[in-house]
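For reference, start.txt is printed below; it contains compact mmCIF, C-alpha atoms (C1' of nucleotides).
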# COMPACT_ATOMS: atom_id res chain seq x y z
CA MET A 14 135.06 48.74 182.81
CA PRO A 15 133.07 45.91 183.64
CA GLU A 16 132.46 42.46 182.34
CA LEU A 17 133.66 39.44 184.28
CA PRO A 18 137.39 39.88 183.52
CA GLU A 19 137.38 43.53 184.55
CA VAL A 20 135.56 42.82 187.81
CA GLU A 21 137.83 39.86 188.52
CA SER A 22 140.95 41.95 187.79
CA LEU A 23 139.65 44.60 190.15
CA ARG A 24 138.98 42.00 192.83
CA ARG A 25 142.51 40.66 192.55
CA ALA A 26 143.98 44.16 192.74
CA LEU A 27 141.90 45.15 195.77
CA GLN A 28 141.99 41.94 197.80
CA PRO A 29 145.59 42.29 199.10
CA ARG A 30 145.09 45.98 199.84
CA LEU A 31 141.82 45.59 201.71
CA ALA A 32 141.75 42.18 203.40
CA GLY A 33 142.18 42.55 207.15
CA ARG A 34 141.55 46.28 207.20
CA ARG A 35 138.87 48.02 209.21
CA LEU A 36 136.12 50.15 207.74
CA GLY A 37 135.35 53.57 209.13
CA ARG A 38 132.79 56.22 208.39
CA VAL A 39 130.77 56.01 205.20
CA ARG A 40 130.02 59.23 203.34
CA ILE A 41 127.26 59.22 200.77
CA HIS A 42 127.21 62.05 198.26
CA GLN A 43 124.65 60.69 195.85
CA ARG A 44 121.81 58.44 196.97
CA SER A 45 120.36 57.82 193.57
CA LEU A 46 122.09 54.95 191.80
CA ARG A 47 120.37 52.10 189.97
CA TYR A 48 118.55 51.52 193.25
CA PRO A 49 118.42 54.03 196.08
CA VAL A 50 121.56 53.67 198.21
CA PRO A 51 120.58 51.94 201.48
CA ALA A 52 122.15 54.62 203.64
CA ALA A 53 120.88 53.39 207.01
CA ALA A 54 122.20 49.87 206.41
CA LEU A 55 125.60 51.14 205.28
CA HIS A 56 125.96 53.37 208.34
CA ARG A 57 124.77 50.63 210.67
CA HIS A 58 126.74 47.65 209.37
CA LEU A 59 130.02 48.95 207.98
CA PRO A 60 131.87 51.24 210.41
CA GLY A 61 134.22 49.36 212.73
CA ARG A 62 134.03 46.07 210.83
CA ARG A 63 137.01 44.31 209.34
CA ILE A 64 137.05 43.23 205.71
CA LEU A 65 137.77 39.52 205.60
CA ARG A 66 138.09 39.00 201.87
CA LEU A 67 136.71 39.94 198.47
CA ARG A 68 134.66 37.61 196.34
CA ARG A 69 133.08 37.89 192.93
CA ARG A 70 129.75 36.45 191.84
CA ALA A 71 128.85 37.21 188.22
CA LYS A 72 129.76 40.91 187.86
CA TYR A 73 129.10 41.64 191.53
CA LEU A 74 131.95 42.35 193.91
CA LEU A 75 131.31 41.15 197.47
CA PHE A 76 133.24 42.32 200.50
CA ASP A 77 132.82 39.76 203.29
CA LEU A 78 132.83 41.53 206.61
CA GLU A 79 133.85 40.12 209.95
CA ASP A 80 130.90 38.97 211.97
CA GLY A 81 128.33 40.54 209.73
CA PRO A 82 126.81 41.02 206.33
CA ALA A 83 128.61 41.55 203.07
CA LEU A 84 128.96 44.78 201.14
CA VAL A 85 127.91 44.34 197.51
CA ILE A 86 129.05 46.60 194.69
CA HIS A 87 128.10 46.39 191.03
CA LEU A 88 129.87 48.73 188.61
CA GLY A 89 127.14 48.96 186.01
CA MET A 90 128.58 50.44 182.82
CA THR A 91 130.83 53.16 184.15
CA GLY A 92 131.50 52.31 187.81
CA ARG A 93 135.02 52.59 189.21
CA LEU A 94 136.65 52.10 192.58
CA ALA A 95 139.67 54.05 193.74
CA LEU A 96 141.73 53.73 196.91
CA VAL A 97 142.82 57.23 197.89
CA GLY A 98 143.92 59.36 200.85
CA SER A 99 140.93 60.53 202.90
CA ARG A 100 141.77 64.15 202.27
CA SER A 101 142.12 63.98 198.53
CA LEU A 102 139.58 66.01 196.59
CA LEU A 103 136.35 64.43 195.48
CA GLU A 104 136.06 63.94 191.77
CA THR A 105 132.96 64.45 189.67
CA HIS A 106 130.63 61.46 190.19
CA ASP A 107 132.36 60.24 193.35
CA HIS A 108 129.15 59.00 194.99
CA ILE A 109 130.22 57.06 198.06
CA ALA A 110 133.41 57.12 200.17
CA PHE A 111 134.05 54.11 202.40
CA GLY A 112 136.43 55.17 205.15
CA LEU A 113 139.33 52.85 205.99
CA ASP A 114 141.96 52.69 208.69
CA GLY A 115 145.21 54.40 207.75
CA ARG A 116 143.49 57.56 206.53
CA GLN A 117 142.42 56.09 203.28
CA GLU A 118 139.09 55.73 201.55
CA LEU A 119 137.64 53.50 198.92
CA ARG A 120 135.65 55.70 196.56
CA PHE A 121 132.88 54.59 194.28
CA ASN A 122 132.60 56.72 191.16
CA ASP A 123 129.95 56.15 188.50
CA ALA A 124 129.09 58.70 185.83
CA ARG A 125 125.98 57.01 184.49
CA ARG A 126 124.74 55.69 187.84
CA PHE A 127 123.80 52.26 186.55
CA GLY A 128 125.84 50.72 189.36
CA LEU A 129 124.54 49.68 192.74
CA VAL A 130 125.66 49.34 196.34
CA ASP A 131 123.90 47.10 198.85
CA VAL A 132 124.38 45.12 202.04
CA VAL A 133 123.38 41.45 202.19
CA ALA A 134 123.11 39.09 205.13
CA PRO A 135 125.70 36.29 205.01
CA GLN A 136 123.09 33.52 204.93
CA GLY A 137 120.61 35.36 202.78
CA GLU A 138 122.84 35.77 199.76
CA PRO A 139 121.69 32.86 197.61
CA ARG A 140 118.08 33.96 198.05
CA HIS A 141 118.75 37.67 197.63
CA ARG A 142 116.91 39.14 194.65
CA LEU A 143 120.18 40.13 192.99
CA PHE A 144 121.62 36.62 193.07
CA ARG A 145 118.64 34.30 193.05
CA HIS A 146 118.25 33.99 189.30
CA LEU A 147 121.89 33.95 188.28
CA GLY A 148 123.17 31.18 186.02
CA VAL A 149 126.43 29.28 186.02
CA GLU A 150 129.88 30.83 186.51
CA PRO A 151 131.73 30.37 183.22
CA LEU A 152 135.06 29.66 184.92
CA SER A 153 133.62 27.00 187.22
CA PRO A 154 133.56 23.26 186.49
CA ASP A 155 129.78 23.43 186.18
CA PHE A 156 130.16 25.33 182.94
CA SER A 157 130.52 22.91 180.04
CA GLY A 158 129.52 22.42 176.45
CA ASP A 159 127.23 19.59 177.54
CA ALA A 160 125.40 21.71 180.09
CA MET A 161 125.00 24.58 177.63
CA TYR A 162 123.83 22.22 174.92
CA ARG A 163 121.08 20.96 177.20
CA LEU A 164 120.04 24.43 178.36
CA SER A 165 119.80 25.72 174.82
CA ARG A 166 117.43 23.06 173.43
CA GLY A 167 114.37 24.67 171.92
CA ARG A 168 115.68 28.20 172.35
CA ARG A 169 115.21 30.43 169.37
CA ALA A 170 117.10 33.45 170.67
CA PRO A 171 120.24 34.29 168.73
CA ILE A 172 123.31 32.75 170.32
CA LYS A 173 124.75 36.19 171.10
CA ALA A 174 121.74 37.08 173.27
CA PHE A 175 121.74 33.61 174.83
CA LEU A 176 125.39 33.97 175.89
CA MET A 177 124.62 37.36 177.43
CA ASP A 178 121.61 36.08 179.38
CA ALA A 179 122.74 36.06 183.02
CA ARG A 180 120.05 33.53 183.92
CA ILE A 181 121.96 31.04 181.76
CA VAL A 182 125.60 31.98 182.22
CA VAL A 183 126.94 35.03 184.06
CA GLY A 184 129.74 37.46 183.36
CA VAL A 185 129.70 37.42 179.56
CA GLY A 186 128.89 40.92 178.33
CA ASN A 187 128.85 42.61 174.97
CA ILE A 188 132.60 42.50 174.27
CA TYR A 189 133.33 38.92 175.22
CA ALA A 190 130.19 37.53 173.60
CA SER A 191 131.45 38.80 170.23
CA GLU A 192 134.97 37.59 170.95
CA ALA A 193 133.95 34.08 172.00
CA LEU A 194 131.69 33.62 168.97
CA PHE A 195 134.53 34.63 166.67
CA VAL A 196 136.95 32.19 168.33
CA ALA A 197 134.37 29.42 168.05
CA GLY A 198 133.52 30.31 164.43
CA ILE A 199 129.80 30.70 165.13
CA HIS A 200 127.57 33.35 163.55
CA PRO A 201 126.08 35.64 166.22
CA ARG A 202 122.58 35.38 164.70
CA ARG A 203 122.40 31.59 164.78
CA ALA A 204 119.61 30.33 167.01
CA ALA A 205 121.01 28.95 170.27
CA GLY A 206 118.87 25.84 169.93
CA ARG A 207 120.41 25.03 166.58
CA ILE A 208 123.95 24.57 167.81
CA GLY A 209 124.98 20.94 168.12
CA PRO A 210 126.99 19.28 170.91
CA ALA A 211 130.34 19.49 169.16
CA ARG A 212 130.02 23.20 168.42
CA TRP A 213 128.80 23.87 171.96
CA GLN A 214 131.95 22.18 173.15
CA ARG A 215 134.02 24.59 171.12
CA LEU A 216 131.96 27.57 172.17
CA ALA A 217 132.19 26.78 175.88
CA GLY A 218 135.95 26.41 175.45
CA ALA A 219 136.08 29.74 173.60
CA VAL A 220 134.14 31.55 176.33
CA ARG A 221 136.47 30.21 178.99
CA HIS A 222 139.50 30.99 176.86
CA VAL A 223 138.69 34.63 176.12
CA LEU A 224 137.73 35.32 179.73
CA ASP A 225 140.91 33.68 181.08
CA GLU A 226 143.04 35.49 178.56
CA ALA A 227 141.46 38.85 179.39
CA ILE A 228 141.90 38.36 183.15
CA HIS A 229 145.50 37.48 182.45
CA HIS A 230 145.99 40.83 180.73
CA GLY A 231 144.20 42.80 183.41
CA GLY A 232 140.95 43.23 181.52
CA THR A 233 139.98 45.42 178.62
CA THR A 234 140.16 49.17 178.57
CA LEU A 235 138.51 51.04 175.75
CA ARG A 236 138.32 54.74 175.22
CA ASP A 237 139.20 56.57 178.42
CA PHE A 238 138.33 54.00 181.04
CA LEU A 239 141.09 52.98 183.39
CA ASN A 240 141.74 50.01 185.57
CA PHE A 241 142.12 50.15 189.27
CA GLY A 242 145.76 51.20 189.33
CA GLY A 243 145.13 53.79 186.67
CA ASP A 244 146.71 51.48 184.10
CA PRO A 245 144.85 50.86 180.94
CA GLY A 246 143.83 47.20 180.84
CA GLY A 247 146.08 45.35 178.45
CA TYR A 248 143.45 43.40 176.58
CA GLY A 249 141.98 46.13 174.41
CA GLU A 250 144.52 45.78 171.66
CA ARG A 251 144.13 42.01 171.67
CA LEU A 252 140.43 42.05 170.90
CA ARG A 253 139.90 40.11 167.70
CA VAL A 254 136.65 41.64 166.46
CA TYR A 255 135.09 44.01 168.99
CA ASP A 256 135.12 47.65 167.85
CA ARG A 257 136.93 46.65 164.65
CA GLU A 258 134.30 47.20 161.99
CA ASP A 259 135.82 47.20 158.48
CA GLU A 260 139.21 46.03 159.72
CA PRO A 261 140.50 42.79 158.16
CA CYS A 262 139.73 39.52 159.94
CA GLU A 263 142.93 38.16 161.46
CA ARG A 264 142.25 34.74 159.97
CA CYS A 265 140.95 35.46 156.48
CA ALA A 266 141.31 39.24 155.96
CA THR A 267 137.63 39.69 155.12
CA PRO A 268 136.43 43.07 156.49
CA LEU A 269 134.74 42.61 159.87
CA ARG A 270 131.12 43.64 160.23
CA ARG A 271 129.05 45.40 162.81
CA ILE A 272 125.37 44.57 163.25
CA VAL A 273 122.89 45.50 165.97
CA GLN A 274 121.21 42.79 168.05
CA SER A 275 118.76 43.67 170.82
CA GLY A 276 120.03 47.20 170.60
CA ARG A 277 123.69 46.28 171.12
CA SER A 278 126.57 46.24 168.64
CA THR A 279 127.86 42.86 167.57
CA TYR A 280 131.10 42.44 165.63
CA TYR A 281 131.95 39.37 163.60
CA CYS A 282 133.64 37.99 160.51
CA PRO A 283 131.08 37.20 157.81
CA ALA A 284 133.39 34.58 156.28
CA CYS A 285 134.71 32.68 159.32
CA GLN A 286 131.52 32.61 161.38
CA VAL A 287 128.67 30.40 160.22
C1' DC B 3 106.45 30.85 177.88
C1' DG B 4 110.24 33.14 175.32
C1' DG B 5 112.05 37.06 173.05
C1' DT B 6 112.63 41.98 171.91
C1' DG B 7 112.79 46.95 172.92
C1' DG B 8 112.67 50.75 175.98
C1' DA B 9 114.12 52.84 180.24
C1' DC B 10 117.46 54.22 183.45
C1' DC B 11 121.89 58.21 183.23
C1' DT B 12 126.00 61.10 181.62
C1' DG B 13 129.72 61.98 178.46
C1' DC B 14 132.31 61.57 174.37
C1' DT B 15 132.87 61.31 169.30
C1' DG B 16 132.25 61.99 164.49
C1' DG B 17 129.89 63.99 160.82
C1' DC B 18 127.89 67.98 159.04
C1' DT C 8 134.48 76.04 165.37
C1' DG C 9 130.08 74.39 167.11
C1' DC C 10 126.11 71.51 167.33
C1' DC C 11 123.77 67.26 167.83
C1' DA C 12 122.64 62.50 166.80
C1' DG C 13 124.38 58.31 168.01
C1' DC C 14 126.77 55.41 170.81
C1' DA C 15 128.89 53.42 175.23
C1' DG C 16 131.54 47.27 178.56
C1' DG C 17 124.58 46.40 182.33
C1' DT C 18 120.22 45.09 183.95
C1' DC C 19 115.27 45.21 184.69
C1' DC C 20 110.61 45.30 183.19
C1' DA C 21 106.64 45.95 180.16
C1' DC C 22 104.88 44.31 176.18
C1' DC C 23 104.09 41.23 172.07

Would you mind giving the structure from this file in structure tokens?
Amino acid sequence: MPELPEVESLRRALQPRLAGRRLGRVRIHQRSLRYPVPAAALHRHLPGRRILRLRRRAKYLLFDLEDGPALVIHLGMTGRLALVGSRSLLETHDHIAFGLDGRQELRFNDARRFGLVDVVAPQGEPRHRLFRHLGVEPLSPDFSGDAMYRLSRGRRAPIKAFLMDARIVVGVGNIYASEALFVAGIHPRRAAGRIGPARWQRLAGAVRHVLDEAIHHGGTTLRDFLNFGGDPGGYGERLRVYDREDEPCERCATPLRRIVQSGRSTYYCPACQV
DNA sequence: CGGTGGACCTGCTGGC
DNA sequence: TGCCAGCAGGTCCACC
């Protein structure tokens, strides 16, 4: 599922169904995720506490709990959350079930186990190791072409890698990095430090635009992944370049290309992006 | 310091 | 039909 728009769509879907409800027993079926599941902390801090609201920071989902710490969930590559009846059968890779009032459970499922679950103290969050080094939120007012221009001076990394560096800007993953660069007309291999102020302005606008647009359509679903409600996210068919190698560019009809950068696929138009 | 590549896992697809 | 390399939307860390 999960870049910023998918996590944000999930947050918006879950918030009205979970805010105000009380957590019950936590059942852990698999303790080995990206980090070992902190079982003792989950059992100690969650049962009996009300969920106040859901927040998102970068690609992390945070459940603020009444009078206590926050539950943190990251979906990694294949993480999913499902709200189900407590008696419904466990599916393959259902790793943790968070009991809820009303005989329901929130289940965390993650085939590849790159996701993580943790508990953070309310005050400790900014200093927590997961959050300490995170860069700017791309949908916040702090994100601007000017700021990115300044941060990128002297950087020789290709712009694609720079956009995906969470220490600079969070939430932009492999799909939306390609999409934003296409919209801005910038070649993914261009050095970040060699993009001028005017083009950074366009690029920042493009990042914000593609993320907003994707959230609006409920995120992207590719292959067999599903959104929270079981609906496929509506944005997949609107992707301009991602996963469209050899298809004609929508602007100039040149066949789109796929290259590999830092081990990840990048898609772009060799004519429109310079 | 800054940048790249491998590691962590499982599952699906496409080419032979 | 069956097998297997290659690939998948993330992040961290060792190494150059």

For DC19 (chain C), list every protein, DNA or RNA residue within 12 Å, evaluated using all atoms listed in the file, and leave out those in the same chain fewer than 4 positions away; present the list as a ChimeraX atom specification. /A:47-48,127,142-143,179 /B:8-10

Please build the interface table for chain C against chain A with a cut-off of 12 Å, listing for each qualifying residue the nearest atom pair and the distance in Å to one decimal; count all atoms listed in the file, order rows by chain and increasing number, and write it as a Markdown table.
| residue | atom | partner | partner_atom | distance |
| --- | --- | --- | --- | --- |
| C:DC14 | C1' | A:Ser278 | CA | 9.4 |
| C:DA15 | C1' | A:Met90 | CA | 8.2 |
| C:DG16 | C1' | A:Pro15 | CA | 5.5 |
| C:DG17 | C1' | A:Gly89 | CA | 5.2 |
| C:DT18 | C1' | A:Gly89 | CA | 8.2 |
| C:DC19 | C1' | A:Arg47 | CA | 10.1 |

For chain B, which residue among A:Arg125, A:Arg145, A:Arg69, A:Lys173 is the nearest when counting all atoms listed in the file? A:Arg125

Identify all chain A residues at most 7 Å from chain B by counting all atoms listed in the file; ligands do not count. Present them as a ChimeraX atom specification. /A:124-126,170,275

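Near His141 (chain A), within 12 Å and counting all atoms listed in the file, sit Ala83, Val85, Asp131, Val132, Val133, Ala134, Pro135, Gln136, His146 and Leu147 of chain A; same-chain residues fewer than 5 positions away were not included.
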
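What separates CA of Arg168 (chain A) from CA of Gly206 (chain A) is a distance of 4.6 Å.
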
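What separates CA of Ala53 (chain A) from CA of Glu118 (chain A) is a distance of 19.2 Å.
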
Within 12 Å of Ser101 (chain A), counting only C-alpha atoms (C1' of nucleotides), which residues qualify if same-chain residues fewer than 4 places away don't, as a list in words? Ala95, Leu96, Val97, Asp107, Ala110, Arg116, Gln117, Glu118, Leu119 and Arg120 of chain A

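Here CA of Leu78 (chain A) and CA of Arg24 (chain A) stand 15.1 Å from one another.
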